[in-house]
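Inspection log for the structure reproduced underneath, given as C-alpha cells.
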Amino acid sequence: MTEKFGRFVVFRLMKKGELAMEVNLKVKINEKKINIQFEDREGEINIIDAEDKSINLAHPAVYFLLKDNKVNYIGKVSESYTLDSSNFNKIIVITPPWEIEPLYLEQLFLTEAKENKLKLVDPVTEEVKVPANQKKAVTEYKNEVLLILEKFGYSLQVKKAKPAKASHRWTKAVSQIEFYVDSRESKATVLWQKRNEMVIKAGAILKPEGRLNKDGSIGMDMKFGDKLRDDHKEAIKDFKTTEDVVLKSVNEAGLFLYYGGTNGWLEMKDSSGKTIDEWTKVD
C-alpha cells in the first residue's frame, strides 16, 4: 500500500466583508483514507472509503455518512462504536479537540445542513442549545472543518443543477420574418436569413457606449462589441448603419447593437411581439 505524507501550508477562503480564513494542516493519504491533522491544535479529520462491512470509531467524534460523495447522515459518538457500512460508501470522522463538545459541534453541522436544505436520512430532530460561552469557539471550528472538507470536494451545500442551455433551430420560414430590436438605446430590424447569418438592416441605431466594469475597466462584452463595430466600420456613421450588416449569430447581433448584457433571443420580436426565442426554440 503506497502512502504519502505532506504538509499543506495554507487553505484560504475569502468572503466579501470578511478576513481570509487560513488553516495550517498536515495531511496523510493512502488508497483508503485521508488523515488531516491541524498543525496548531489537537483534533483530526479522517475521510475513509467504507469498503469493509463495519467501521470502528474509538474516540468521541462527529461523523458524516456519504453515499456517492453526498452527505446523507450526520451523527456523533461519545465512546467506542461500530458502524454498519452497508448503507454508505464513505465516512468522514471529525475528532475535535478536547475543548469542543461533539454534541454542540454536531448541532451546528445539523443546522448548517438544514439551512442549505440538505436532505438527510433519519435526521436528528431534537435541537440542542449551544451555550453562549462556547458558541464562538464551536462555530469557528465548524467553519474551519467545512472549509477543509470543501477543498477536498465535500460540502453540506446542495449543488444546483445548471439549467440546460436552450437550443434554437433555423428554418426557411423563420428566415422570412422580420424581427425588431428596441432595447438599450438601440433600434434595428433583423433577419435570420441563414443558419449562420443574422442580417441587421441598414438604418439600425447603435447604443453609443458600453458599460464599464465596476472598477472602471472594459468588460468582455464591450471589447467584443467594439471589435464587431470596427470590423464593419464602413457601414456605420454616427452610431447608425448605412448599409446591411451580416453577423453570425443572435449573440453577435446583441453585442453589435447594444453591447450585450441580456438574452438577445428575448430582445428580438416580430410585429406581434413574439420573440425569436419563441419562434425557434427546440424543446
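By order in the C-alpha cells, chains are A, B, ...; within a chain, residues start at 1; ligands start at 1, following the order shown.
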Which polymer residues have any atom within 12 Å of an atom of region 111-127 of chain A, counting only C-alpha atoms, with same-chain residues fewer than 6 positions away left out, as number ranges by chain? A: 64-67, 70-76, 87-88, 103-105, 139, 142-143, 146, 155-160
As a ChimeraX atom specification, which residues of region 32-202 of chain A does DSSP assign to helix (DSSP H, G or I)? /A:85-87,102-115,132-151,174-176
Interatomic distance (Å, one decimal) between CA of Leu266 (chain A) and CA of Val199 (chain A): 17.0 Å
Name the residues of region 27-131 of chain A that come out as strand (DSSP E) in a backbone DSSP run; write them as an MDAnalysis selection string. chainID A and resid 27:30 33:38 44:49 54:57 61:67 70:77 81:84 90:95
Those residues you just picked out, can you put them in a file as a tab-separated table (two decimals), in the first residue's frame with C-alpha atoms?
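Contents of selection.tsv, freshly written:
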chain	number	residue	atom	x	y	z
A	27	VAL	CA	-2.15	15.54	5.50
A	28	LYS	CA	-1.54	11.82	5.18
A	29	ILE	CA	-3.02	9.93	2.24
A	30	ASN	CA	-3.28	6.30	1.24
A	33	LYS	CA	-8.06	7.05	3.83
A	34	ILE	CA	-7.11	10.71	4.06
A	35	ASN	CA	-5.91	11.76	7.50
A	36	ILE	CA	-5.92	15.51	8.15
A	37	GLN	CA	-4.33	16.96	11.28
A	38	PHE	CA	-4.37	20.57	12.42
A	44	GLU	CA	-8.17	15.49	13.24
A	45	ILE	CA	-10.36	14.64	10.27
A	46	ASN	CA	-10.40	11.25	8.58
A	47	ILE	CA	-12.04	10.65	5.19
A	48	ILE	CA	-12.44	6.89	4.84
A	49	ASP	CA	-13.62	4.70	1.97
A	54	SER	CA	-18.15	-2.14	9.55
A	55	ILE	CA	-16.05	0.77	10.78
A	56	ASN	CA	-14.85	1.16	14.35
A	57	LEU	CA	-14.85	4.59	15.97
A	61	ALA	CA	-16.38	12.22	17.29
A	62	VAL	CA	-18.87	13.68	14.88
A	63	TYR	CA	-19.25	11.80	11.62
A	64	PHE	CA	-20.81	12.25	8.19
A	65	LEU	CA	-22.02	9.24	6.21
A	66	LEU	CA	-21.81	9.66	2.44
A	67	LYS	CA	-23.32	7.79	-0.46
A	70	LYS	CA	-23.13	13.14	-0.98
A	71	VAL	CA	-23.59	13.63	2.78
A	72	ASN	CA	-26.80	11.86	3.82
A	73	TYR	CA	-26.36	11.46	7.57
A	74	ILE	CA	-24.76	13.44	10.40
A	75	GLY	CA	-24.23	11.85	13.80
A	76	LYS	CA	-21.94	11.65	16.80
A	77	VAL	CA	-20.45	9.02	19.08
A	81	TYR	CA	-18.73	2.40	18.49
A	82	THR	CA	-19.02	0.24	15.36
A	83	LEU	CA	-20.87	1.50	12.29
A	84	ASP	CA	-22.54	-0.82	9.77
A	90	LYS	CA	-17.64	6.79	2.60
A	91	ILE	CA	-17.40	8.24	6.08
A	92	ILE	CA	-15.89	11.48	7.34
A	93	VAL	CA	-14.89	11.29	11.00
A	94	ILE	CA	-14.29	14.61	12.76
A	95	THR	CA	-12.47	14.19	16.07
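In terms of minimum interatomic distance to Phe224 (chain A), A:Asn251 ranks closest within A:Asn89, A:Asn251, A:Thr242, A:Gln134, counting only C-alpha atoms.
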Residue among A:Val130, A:Ile205, A:Val174, A:Met222 lying closest to Lys269 (chain A), counting only C-alpha atoms: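 Checking each candidate against Lys269 (chain A), we get A:Val174 as the closest.
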